[in-house]
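Next comes entry-v3.cif, a file with mmCIF, C-alpha atoms.
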```cif
data_coords
loop_
_atom_site.label_atom_id
_atom_site.label_comp_id
_atom_site.auth_asym_id
_atom_site.auth_seq_id
_atom_site.Cartn_x
_atom_site.Cartn_y
_atom_site.Cartn_z
CA MET C 1 26.50 -4.40 -94.15
CA SER C 2 25.14 -7.94 -94.64
CA ALA C 3 26.38 -9.07 -91.20
CA ALA C 4 24.82 -6.04 -89.49
CA LEU C 5 21.58 -6.57 -91.41
CA GLN C 6 21.49 -10.25 -90.47
CA GLN C 7 21.94 -9.36 -86.82
CA SER C 8 19.40 -6.52 -86.79
CA TRP C 9 16.30 -7.69 -88.68
CA PRO C 10 15.10 -10.43 -86.27
CA PRO C 11 14.77 -8.11 -83.24
CA PHE C 12 12.73 -5.56 -85.17
CA VAL C 13 10.50 -8.20 -86.73
CA LEU C 14 9.86 -9.72 -83.29
CA ILE C 15 9.09 -6.33 -81.73
CA ALA C 16 6.65 -5.53 -84.57
CA GLY C 17 4.82 -8.78 -83.86
CA LEU C 18 4.72 -8.11 -80.11
CA LEU C 19 3.42 -4.55 -80.63
CA LEU C 20 0.56 -5.89 -82.75
CA ILE C 21 -0.23 -8.50 -80.13
CA GLY C 22 -0.16 -5.79 -77.44
CA LEU C 23 -2.74 -3.79 -79.38
CA LEU C 24 -5.05 -6.80 -79.63
CA ALA C 25 -4.50 -7.75 -75.99
CA ASN C 26 -5.71 -4.28 -75.07
CA ARG C 27 -8.81 -4.76 -77.20
CA ASP C 28 -9.49 -8.04 -75.43
CA GLY C 29 -9.45 -6.24 -72.10
CA LEU C 30 -6.22 -7.61 -70.61
CA PHE C 31 -4.99 -4.21 -69.45
CA ALA C 32 -8.44 -3.09 -68.34
CA TRP C 33 -8.67 -6.26 -66.28
CA GLY C 34 -5.29 -5.51 -64.74
CA GLY C 35 -6.47 -2.03 -63.77
CA ALA C 36 -9.70 -3.38 -62.29
CA TRP C 37 -7.76 -6.00 -60.35
CA LEU C 38 -5.52 -3.31 -58.86
CA GLN C 39 -8.48 -1.14 -57.91
CA SER C 40 -10.23 -4.02 -56.14
CA LEU C 41 -7.25 -5.08 -54.00
CA PRO C 42 -7.58 -4.46 -50.26
CA GLY C 43 -4.80 -2.99 -48.22
CA SER C 44 -2.65 0.12 -48.09
CA GLY C 45 -0.98 2.17 -50.77
CA VAL C 46 2.17 0.07 -50.30
CA ALA C 47 0.26 -3.12 -51.14
CA LEU C 48 -1.32 -1.44 -54.16
CA LEU C 49 2.10 -0.27 -55.38
CA ALA C 50 3.60 -3.75 -54.95
CA ALA C 51 0.79 -5.28 -57.02
CA ALA C 52 1.12 -2.55 -59.66
CA LEU C 53 4.86 -3.16 -60.02
CA LEU C 54 4.29 -6.90 -60.27
CA LEU C 55 1.78 -6.34 -63.08
CA ASP C 56 4.27 -4.01 -64.78
CA ALA C 57 7.04 -6.63 -64.57
CA VAL C 58 4.84 -9.36 -66.07
CA VAL C 59 3.63 -7.22 -68.98
CA THR C 60 7.20 -6.06 -69.66
CA ALA C 61 8.55 -9.61 -69.70
CA VAL C 62 5.82 -10.90 -72.01
CA LEU C 63 5.05 -7.97 -74.34
CA ASN C 64 8.22 -5.80 -73.99
CA LEU C 65 8.85 -2.63 -72.05
CA ASP C 66 7.61 -0.13 -74.66
CA THR C 67 4.18 -1.75 -74.71
CA ALA C 68 4.19 -1.85 -70.90
CA VAL C 69 4.88 1.84 -70.33
CA VAL C 70 2.30 3.02 -72.87
CA PHE C 71 -0.53 0.72 -71.76
CA LEU C 72 0.19 0.58 -68.03
CA THR C 73 1.06 4.21 -67.27
CA PRO C 74 -2.62 5.26 -67.53
CA VAL C 75 -3.77 2.08 -65.81
CA LEU C 76 -1.50 2.65 -62.79
CA VAL C 77 -2.26 6.38 -62.59
CA PHE C 78 -6.00 5.75 -62.64
CA ALA C 79 -5.69 2.99 -60.03
CA ALA C 80 -3.88 5.39 -57.69
CA ARG C 81 -6.40 8.15 -58.25
CA ARG C 82 -9.32 5.81 -57.72
CA ARG C 83 -7.86 4.70 -54.39
CA ARG C 84 -6.98 8.32 -53.51
CA VAL C 85 -3.29 7.63 -52.96
CA ALA C 86 -0.34 9.61 -54.28
CA VAL C 87 0.15 9.18 -58.02
CA GLU C 88 3.93 9.74 -58.07
CA PRO C 89 5.07 6.28 -56.90
CA PHE C 90 2.89 4.64 -59.55
CA LEU C 91 3.82 7.09 -62.30
CA PHE C 92 7.60 6.84 -61.87
CA GLY C 93 7.49 3.25 -60.68
CA CYS C 94 5.93 2.22 -64.00
CA VAL C 95 8.91 3.28 -66.13
CA PHE C 96 11.60 2.33 -63.58
CA MET C 97 10.14 -1.16 -63.18
CA ALA C 98 9.70 -1.63 -66.93
CA ASN C 99 13.39 -0.93 -67.54
CA ALA C 100 14.51 -3.11 -64.64
CA SER C 101 12.22 -5.99 -65.69
CA SER C 102 13.30 -6.05 -69.32
CA LEU C 103 15.95 -8.74 -68.76
CA PHE C 104 13.63 -11.73 -68.33
CA LEU C 105 12.92 -12.79 -71.94
CA PRO C 106 14.53 -12.03 -75.31
CA GLY C 107 11.54 -10.00 -76.51
CA SER C 108 11.32 -7.93 -73.32
CA ASN C 109 13.76 -5.42 -74.75
CA LEU C 110 15.19 -4.86 -78.21
CA THR C 111 18.69 -4.76 -76.72
CA ASN C 112 18.36 -8.38 -75.57
CA LEU C 113 17.90 -9.54 -79.13
CA LEU C 114 20.77 -7.45 -80.46
CA VAL C 115 23.25 -8.73 -77.89
CA LEU C 116 22.27 -12.40 -78.14
CA ASP C 117 25.24 -14.37 -79.42
CA ALA C 118 24.06 -15.95 -82.65
CA HIS C 119 26.92 -18.47 -82.56
CA THR C 120 25.93 -20.12 -79.29
CA GLY C 121 22.37 -21.01 -80.27
CA GLY C 122 19.76 -21.71 -77.63
CA SER C 123 16.09 -20.93 -77.16
CA GLY C 124 14.30 -18.19 -75.30
CA ALA C 125 14.07 -20.55 -72.35
CA SER C 126 17.86 -20.86 -72.22
CA PHE C 127 18.15 -17.06 -72.36
CA ALA C 128 15.61 -16.77 -69.53
CA ALA C 129 17.50 -19.30 -67.41
CA LYS C 130 20.80 -17.54 -68.06
CA MET C 131 19.45 -14.07 -67.23
CA PHE C 132 17.00 -14.94 -64.45
CA PRO C 133 19.34 -14.38 -61.46
CA LEU C 134 20.23 -10.89 -62.70
CA ALA C 135 16.69 -10.12 -63.88
CA ILE C 136 14.92 -11.04 -60.65
CA THR C 137 17.55 -9.23 -58.59
CA ALA C 138 17.24 -6.02 -60.62
CA ALA C 139 13.43 -6.20 -60.54
CA VAL C 140 13.10 -6.90 -56.80
CA VAL C 141 15.69 -4.30 -55.78
CA THR C 142 14.03 -1.71 -58.01
CA ALA C 143 10.58 -2.49 -56.59
CA VAL C 144 11.85 -2.14 -53.02
CA GLY C 145 13.76 0.98 -54.01
CA VAL C 146 10.66 2.61 -55.49
CA GLY C 147 8.81 1.95 -52.22
CA VAL C 148 11.64 3.42 -50.16
CA SER C 149 12.13 6.41 -52.46
CA PHE C 150 8.44 7.32 -52.34
CA ARG C 151 7.80 6.26 -48.73
CA ARG C 152 6.57 9.72 -47.72
CA HIS C 153 4.06 9.76 -50.57
CA LEU C 154 2.82 6.31 -49.61
CA ALA C 155 2.62 7.16 -45.89
CA ALA C 156 0.55 10.29 -46.48
CA ALA C 157 -3.11 10.15 -45.52
CA PRO C 158 -5.55 9.62 -48.41
CA GLY C 159 -5.82 12.95 -50.15
CA GLY C 160 -8.58 14.79 -51.85
CA ALA C 161 -7.69 13.81 -55.37
CA ALA C 162 -10.60 14.10 -57.72
CA GLU C 163 -12.63 10.94 -58.10
CA VAL C 164 -11.79 9.21 -61.34
CA SER C 165 -14.52 7.48 -63.26
CA ILE C 166 -13.87 3.75 -63.29
CA ALA C 167 -14.93 3.79 -66.91
CA ALA C 168 -12.33 6.46 -67.67
CA ARG C 169 -10.87 6.34 -71.13
CA VAL C 170 -7.53 7.67 -72.11
CA ALA C 171 -6.76 8.94 -75.55
CA GLY C 172 -3.64 7.10 -76.70
CA GLY C 173 -1.45 7.18 -79.73
CA ALA C 174 1.77 8.10 -77.93
CA GLY C 175 4.87 7.14 -79.84
CA ARG C 176 5.30 3.92 -81.71
CA ALA C 177 3.39 1.96 -79.07
CA GLY C 178 0.26 4.13 -79.19
CA THR C 179 -2.93 2.15 -79.15
CA GLY C 180 -5.86 4.44 -79.74
CA ARG C 181 -7.43 3.90 -76.32
CA VAL C 182 -6.81 2.30 -72.97
CA GLU C 183 -9.82 1.50 -70.85
CA VAL C 184 -9.80 1.19 -67.06
CA ALA C 185 -12.92 -0.77 -66.38
CA ASP C 186 -14.89 -1.71 -63.26
CA PRO C 187 -13.88 -4.66 -61.07
CA ALA C 188 -16.38 -6.92 -62.80
CA VAL C 189 -14.61 -6.60 -66.15
CA ARG C 190 -13.74 -9.86 -67.83
CA VAL C 191 -11.07 -10.68 -70.35
CA THR C 192 -12.39 -11.69 -73.73
CA LEU C 193 -10.81 -14.88 -75.01
CA GLY C 194 -10.24 -13.31 -78.39
CA ALA C 195 -7.42 -13.08 -80.89
CA GLY C 196 -5.32 -10.84 -78.61
CA ALA C 197 -5.43 -13.12 -75.57
CA LEU C 198 -4.72 -16.21 -77.66
CA ALA C 199 -1.91 -14.48 -79.54
CA THR C 200 -0.32 -13.38 -76.26
CA ALA C 201 -0.24 -16.97 -75.00
CA ALA C 202 1.13 -18.20 -78.33
CA ALA C 203 3.86 -15.55 -78.37
CA VAL C 204 5.07 -16.54 -74.90
CA VAL C 205 5.39 -20.18 -75.97
CA LEU C 206 7.16 -19.31 -79.23
CA VAL C 207 9.66 -16.99 -77.54
CA LEU C 208 10.51 -19.63 -74.95
CA VAL C 209 10.75 -22.60 -77.31
CA LEU C 210 12.29 -21.28 -80.52
CA HIS C 211 15.84 -20.12 -81.00
CA GLN C 212 14.68 -17.58 -83.58
CA PRO C 213 10.99 -16.77 -82.94
CA ALA C 214 10.81 -13.47 -84.86
CA LEU C 215 9.00 -14.64 -87.99
CA ALA C 216 6.71 -16.98 -86.03
CA VAL C 217 5.65 -14.23 -83.60
CA LEU C 218 5.12 -11.77 -86.44
CA ALA C 219 2.98 -14.34 -88.25
CA VAL C 220 0.86 -14.80 -85.10
CA GLY C 221 0.53 -11.03 -84.75
CA LEU C 222 -0.46 -10.56 -88.38
CA LEU C 223 -2.96 -13.44 -88.31
CA ALA C 224 -4.58 -12.19 -85.10
CA THR C 225 -4.69 -8.66 -86.49
CA ALA C 226 -6.36 -9.89 -89.67
CA VAL C 227 -9.00 -11.66 -87.57
CA ASP C 228 -9.76 -8.54 -85.54
CA LEU C 229 -9.75 -6.34 -88.65
CA ALA C 230 -12.33 -8.65 -90.22
CA ARG C 231 -14.42 -8.47 -87.03
CA HIS C 232 -14.07 -4.65 -86.99
CA ARG C 233 -12.54 -4.75 -83.49
CA VAL C 234 -9.55 -2.73 -84.71
CA ASP C 235 -8.93 -0.63 -87.78
CA LEU C 236 -5.91 0.15 -89.90
CA ALA C 237 -5.39 3.47 -88.13
CA ASP C 238 -4.88 1.57 -84.85
CA VAL C 239 -2.39 -0.76 -86.54
CA ARG C 240 -0.43 2.13 -88.06
CA ARG C 241 -0.33 3.90 -84.70
CA VAL C 242 0.88 0.92 -82.73
CA LEU C 243 3.59 0.01 -85.22
CA GLY C 244 4.80 3.56 -85.76
CA LEU C 245 6.53 2.43 -88.94
CA PRO C 246 8.50 5.66 -89.54
CA SER C 247 10.06 5.47 -86.06
CA LEU C 248 10.57 1.71 -86.28
CA THR C 249 12.18 2.03 -89.71
CA ALA C 250 14.45 4.88 -88.58
CA ALA C 251 15.57 2.86 -85.56
CA PHE C 252 16.25 -0.14 -87.80
CA VAL C 253 18.32 1.89 -90.27
CA LEU C 254 20.29 3.46 -87.42
CA THR C 255 20.96 0.07 -85.86
CA VAL C 256 22.20 -1.42 -89.14
CA ALA C 257 24.38 1.64 -89.80
CA LEU C 258 25.96 1.53 -86.35
CA GLY C 259 26.39 -2.24 -86.54
CA THR C 260 28.22 -1.78 -89.84
CA LEU C 261 30.38 0.99 -88.37
CA ALA C 262 31.31 -1.19 -85.39
CA ARG C 263 32.47 -3.94 -87.76
CA HIS C 264 34.92 -1.55 -89.40
CA TRP C 265 35.95 0.47 -86.34
CA ASP C 266 37.45 -1.47 -83.45
CA GLY C 267 37.00 1.28 -80.85
CA PRO C 268 33.81 -0.03 -79.17
CA ALA C 269 35.01 -3.65 -79.31
CA GLU C 270 38.38 -2.74 -77.76
CA LEU C 271 36.69 -0.66 -75.07
CA ILE C 272 34.30 -3.38 -74.00
CA GLY C 273 36.74 -6.23 -74.72
CA GLY C 274 39.25 -5.07 -72.15
CA ALA C 275 36.68 -4.48 -69.42
CA SER C 276 35.75 -6.72 -66.51
CA GLY C 277 32.15 -7.72 -65.86
CA PRO C 278 31.33 -4.80 -63.53
CA GLU C 279 33.19 -2.39 -65.83
CA THR C 280 31.18 -3.68 -68.79
CA ALA C 281 27.92 -2.98 -66.98
CA GLY C 282 29.11 0.48 -65.99
CA LEU C 283 30.30 1.40 -69.48
CA ALA C 284 27.03 0.23 -70.99
CA ALA C 285 24.98 2.22 -68.47
CA ILE C 286 26.97 5.40 -69.10
CA SER C 287 26.61 4.91 -72.86
CA THR C 288 22.82 4.78 -72.56
CA VAL C 289 22.78 8.22 -70.97
CA PHE C 290 24.79 9.81 -73.77
CA ILE C 291 23.75 7.89 -76.90
CA ASN C 292 20.71 5.80 -75.80
CA ASN C 293 20.69 2.06 -75.21
CA LEU C 294 19.75 0.98 -78.75
CA PRO C 295 22.76 2.61 -80.49
CA SER C 296 24.94 1.37 -77.61
CA ALA C 297 23.75 -2.19 -78.15
CA ALA C 298 24.45 -1.97 -81.87
CA LEU C 299 27.99 -0.71 -81.28
CA TYR C 300 28.94 -3.15 -78.53
CA SER C 301 27.36 -6.29 -79.98
CA ALA C 302 28.96 -6.28 -83.42
CA HIS C 303 31.56 -8.72 -82.08
CA ALA C 304 31.40 -11.45 -79.45
CA VAL C 305 31.16 -10.02 -75.94
CA ASP C 306 32.92 -11.68 -73.00
CA HIS C 307 30.44 -10.43 -70.41
CA SER C 308 27.15 -10.42 -72.29
CA ARG C 309 25.00 -10.65 -69.14
CA MET C 310 26.71 -7.61 -67.65
CA LEU C 311 26.41 -5.75 -70.94
CA LEU C 312 22.67 -6.36 -70.97
CA LEU C 313 22.39 -5.33 -67.34
CA GLY C 314 23.92 -1.95 -68.13
CA LEU C 315 21.91 -1.49 -71.31
CA ASN C 316 18.58 -2.35 -69.68
CA VAL C 317 18.81 -0.97 -66.14
CA GLY C 318 21.15 1.91 -67.02
CA PRO C 319 18.31 3.88 -68.69
CA ASN C 320 16.85 4.50 -65.22
CA LEU C 321 19.70 7.01 -64.79
CA ALA C 322 18.19 9.53 -67.23
CA VAL C 323 15.35 9.92 -69.71
CA THR C 324 17.86 9.88 -72.57
CA GLY C 325 18.66 6.24 -71.79
CA ALA C 326 15.87 4.52 -73.71
CA LEU C 327 12.84 5.11 -75.92
CA SER C 328 10.68 3.75 -73.09
CA ALA C 329 11.16 7.02 -71.17
CA LEU C 330 9.88 9.10 -74.08
CA LEU C 331 6.86 6.85 -74.52
CA TRP C 332 6.22 6.98 -70.77
CA PHE C 333 6.44 10.78 -70.75
CA ARG C 334 3.87 11.07 -73.54
CA ALA C 335 1.55 8.50 -71.97
CA ALA C 336 1.74 10.33 -68.63
CA ARG C 337 0.86 13.67 -70.20
CA GLU C 338 -2.15 12.04 -71.87
CA VAL C 339 -3.66 11.35 -68.43
CA ASP C 340 -2.80 14.78 -67.02
CA ALA C 341 0.05 13.48 -64.88
CA ARG C 342 3.09 15.69 -64.48
CA PRO C 343 6.29 13.77 -65.14
CA SER C 344 9.50 15.65 -64.40
CA LEU C 345 12.75 14.97 -66.24
CA LEU C 346 14.76 16.20 -63.24
CA GLU C 347 12.72 14.07 -60.83
CA PHE C 348 13.27 11.07 -63.11
CA SER C 349 17.04 11.26 -62.59
CA ARG C 350 16.83 12.29 -58.93
CA ARG C 351 14.86 9.14 -58.16
CA GLY C 352 16.31 6.94 -60.87
CA ILE C 353 20.05 7.36 -60.28
CA PRO C 354 20.12 5.72 -56.83
CA LEU C 355 17.64 3.07 -57.99
CA ALA C 356 19.75 2.17 -61.02
CA LEU C 357 23.05 2.14 -59.13
CA VAL C 358 21.78 -0.04 -56.29
CA ALA C 359 19.93 -2.44 -58.61
CA MET C 360 22.95 -2.80 -60.88
CA ALA C 361 25.33 -3.29 -57.96
CA ALA C 362 23.14 -6.03 -56.49
CA ALA C 363 22.72 -7.74 -59.86
CA ILE C 364 26.47 -7.56 -60.52
CA VAL C 365 27.17 -9.36 -57.24
CA VAL C 366 24.57 -12.00 -58.08
CA GLY C 367 25.96 -12.33 -61.59
CA MET C 368 29.48 -12.91 -60.28
CA LEU C 369 28.19 -15.65 -57.98
CA THR C 370 26.10 -17.50 -60.59
#
```

Please express what this file holds, its structure, as structure tokens.
Amino acid sequence: MSAALQQSWPPFVLIAGLLLIGLLANRDGLFAWGGAWLQSLPGSGVALLAAALLLDAVVTAVLNLDTAVVFLTPVLVFAARRRRVAVEPFLFGCVFMANASSLFLPGSNLTNLLVLDAHTGGSGASFAAKMFPLAITAAVVTAVGVGVSFRRHLAAAPGGAAEVSIAARVAGGAGRAGTGRVEVADPAVRVTLGAGALATAAAVVLVLVLHQPALAVLAVGLLATAVDLARHRVDLADVRRVLGLPSLTAAFVLTVALGTLARHWDGPAELIGGASGPETAGLAAISTVFINNLPSAALYSAHAVDHSRMLLLGLNVGPNLAVTGALSALLWFRAAREVDARPSLLEFSRRGIPLALVAMAAAIVVGMLT
């Protein structure tokens, strides 16, 4: 139990800090600015989609994929509606790109932190350097794949979608990354250099520099939250919503329990231990469909893994196969419904399966060459 607990607490502490920072970044207008930037870009629907996916990848890398899908799903949907282009590429592209882009930094996905080998040491920068070839390959292939998959939607003439107020506000609170409200402001919106913006910059530095940034990032998140609470820019209800402590606690308990089980049952270790790199990625991806990527990470990472990069590839990109693969899909589904979009579970897999398989295959080849 103590070994599983030691492995599991830093990821959850780090994610709690990043979720708080994401809330404050929203209050400082970072996501509203991103939406305004998208709306003001010239060019076709393809150019708008490319910029939207780039924004999605950056937010995922810096503030983790759960924060990205909750905050950016409404932003991307409103940007598409404002420009009178099909919503579907932006709606589905948001969650597919978030999963595919969650390999860049340790805090981008909880699975990254669970699989990190505590015995090898190293900072977030060393993790980023190690994973970058696979991460950029998965992200680029997924972005291109989204464009190809939705080419007919993007090629369609501007439709008669209802005009969306640029000052539209979306009621939030979806899942453990709910935020109370996401604003999509006009192109003149400016980012406030407040606690959220400063905390975001600090978190990036800490994650890159420190080997174990969890407590430092949480401290930054708590300090910035205290500042904004004192200034009445957020309230405790917002904080409770964004943390979703019951869900976060349940996930933590499950992770510790499965980590403990894996240390007394050699089945998962033997399965992954005898696999090649490509087989490791495939096994991990299949596991996410049946038992979700977080339990899979806990089971497979209890012991040293020979092909840790391939394991992470399967755990992070595999969830694009089905909505059961990761919590990000559930949060995305709720966020989409909040803005009257119509996500389809069947359409998720119909589009996601080829995207995941091609992105993983390309990243596997790159991983074997680097």

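Across C:Leu243, C:Leu55, C:Ala139, C:Leu134, the tightest approach to Leu19 in chain C is made by C:Leu243 when counting all atoms listed in the file.
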
For Met97 in chain C, which residue out of C:Val75, C:Val305, C:Ile15, C:Ala329 is the nearest one, using only C-alpha atoms?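 Selected residue with least distance to Met97 in chain C: C:Ala329.
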
Top pick for closest residue to Ala86 in chain C, considering C:Ser44, C:Ser349, C:Ser126, C:Gln7 and counting all atoms listed in the file: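 Nearest candidate to Ala86 in chain C out of C:Ser44, C:Ser349, C:Ser126, C:Gln7: C:Ser44.
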
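Nearest residue to Leu218 in chain C among C:Leu20, C:Ala4, C:Ala197, C:Val256 is C:Leu20, counting all atoms listed in the file.
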
For the atom pair CA of Trp265 in chain C and CA of Gly314 in chain C, what is the interatomic distance in Å to one decimal place?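 Going from CA of Trp265 in chain C over to CA of Gly314 in chain C covers 22.0 Å.
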
Assuming the chain letters and numbering stay as they are in my file, what does the PyMOL selection byres ((chain C and resi 358) around 12) actually select? List them as an MDAnalysis selection string. chainID C and resid 100 137:146 317:318 320:321 351:357 359:365

Ranking C:Leu30, C:Val95, C:Arg81, C:Leu65 by minimum distance to Ala336 in chain C and counting all atoms listed in the file, which one comes first?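 Smallest distance to Ala336 in chain C is found for C:Val95.
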
When you count all atoms listed in the file, which of these residues is closest to Ala155 in chain C: C:Ala219, C:Val85, C:Arg233, C:Ala57?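 Nearest candidate to Ala155 in chain C out of C:Ala219, C:Val85, C:Arg233, C:Ala57: C:Val85.
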
In Å, with one decimal, what is the gap from CA of Asn99 in chain C to CA of Pro319 in chain C?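 CA of Pro319 in chain C lies 7.0 Å from CA of Asn99 in chain C.
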
On this structure, which residues satisfy the PyMOL selection byres ((chain C and resi 90) around 8), written as a PyMOL selection string? chain C and resi 49+52+73+76-77+80+86-89+91-94

Just write the chosen residues, C-alpha atoms, as a PDB file, in the frame of the given file.
```
ATOM      1  CA  LEU C  49       2.100  -0.270 -55.380  1.00  0.00           C
ATOM      2  CA  ALA C  52       1.120  -2.550 -59.660  1.00  0.00           C
ATOM      3  CA  THR C  73       1.060   4.210 -67.270  1.00  0.00           C
ATOM      4  CA  LEU C  76      -1.500   2.650 -62.790  1.00  0.00           C
ATOM      5  CA  VAL C  77      -2.260   6.380 -62.590  1.00  0.00           C
ATOM      6  CA  ALA C  80      -3.880   5.390 -57.690  1.00  0.00           C
ATOM      7  CA  ALA C  86      -0.340   9.610 -54.280  1.00  0.00           C
ATOM      8  CA  VAL C  87       0.150   9.180 -58.020  1.00  0.00           C
ATOM      9  CA  GLU C  88       3.930   9.740 -58.070  1.00  0.00           C
ATOM     10  CA  PRO C  89       5.070   6.280 -56.900  1.00  0.00           C
ATOM     11  CA  LEU C  91       3.820   7.090 -62.300  1.00  0.00           C
ATOM     12  CA  PHE C  92       7.600   6.840 -61.870  1.00  0.00           C
ATOM     13  CA  GLY C  93       7.490   3.250 -60.680  1.00  0.00           C
ATOM     14  CA  CYS C  94       5.930   2.220 -64.000  1.00  0.00           C
TER      15      CYS C  94
END
```

For range 135-142 of chain C, which lacks atoms in the input, supply all heavy atoms and format the output as a short mmCIF file (atom, residue, chain, number, x, y, z; two decimals), in the frame of the given file.
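Okay, selection_38.cif is ready:
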```
data_model
loop_
_atom_site.label_atom_id
_atom_site.label_comp_id
_atom_site.auth_asym_id
_atom_site.auth_seq_id
_atom_site.Cartn_x
_atom_site.Cartn_y
_atom_site.Cartn_z
N ALA C 135 17.98 -10.76 -63.63
CA ALA C 135 16.69 -10.12 -63.88
C ALA C 135 15.87 -10.00 -62.61
O ALA C 135 15.31 -8.93 -62.31
CB ALA C 135 15.92 -10.90 -64.95
N ILE C 136 15.75 -11.08 -61.86
CA ILE C 136 14.92 -11.04 -60.65
C ILE C 136 15.55 -10.14 -59.60
O ILE C 136 14.84 -9.44 -58.86
CB ILE C 136 14.70 -12.48 -60.10
CG1 ILE C 136 13.56 -12.48 -59.06
CG2 ILE C 136 15.96 -13.06 -59.52
CD1 ILE C 136 12.21 -12.16 -59.62
N THR C 137 16.87 -10.12 -59.54
CA THR C 137 17.55 -9.23 -58.59
C THR C 137 17.28 -7.77 -58.93
O THR C 137 16.91 -6.97 -58.06
CB THR C 137 19.07 -9.48 -58.58
OG1 THR C 137 19.31 -10.85 -58.23
CG2 THR C 137 19.77 -8.56 -57.60
N ALA C 138 17.47 -7.41 -60.21
CA ALA C 138 17.24 -6.02 -60.62
C ALA C 138 15.78 -5.61 -60.39
O ALA C 138 15.50 -4.50 -59.93
CB ALA C 138 17.61 -5.85 -62.09
N ALA C 139 14.84 -6.52 -60.69
CA ALA C 139 13.43 -6.20 -60.54
C ALA C 139 13.05 -6.03 -59.07
O ALA C 139 12.36 -5.06 -58.70
CB ALA C 139 12.58 -7.28 -61.19
N VAL C 140 13.46 -6.96 -58.22
CA VAL C 140 13.10 -6.90 -56.80
C VAL C 140 13.74 -5.68 -56.13
O VAL C 140 13.07 -4.96 -55.37
CB VAL C 140 13.51 -8.20 -56.09
CG1 VAL C 140 13.37 -8.05 -54.57
CG2 VAL C 140 12.66 -9.37 -56.59
N VAL C 141 15.02 -5.45 -56.40
CA VAL C 141 15.69 -4.30 -55.78
C VAL C 141 15.05 -3.00 -56.24
O VAL C 141 14.87 -2.06 -55.45
CB VAL C 141 17.20 -4.32 -56.11
CG1 VAL C 141 17.87 -3.02 -55.67
CG2 VAL C 141 17.87 -5.50 -55.44
N THR C 142 14.69 -2.92 -57.51
CA THR C 142 14.03 -1.71 -58.01
C THR C 142 12.66 -1.51 -57.37
O THR C 142 12.29 -0.39 -56.99
CB THR C 142 13.88 -1.78 -59.55
OG1 THR C 142 15.19 -1.85 -60.14
CG2 THR C 142 13.15 -0.55 -60.08
#
```
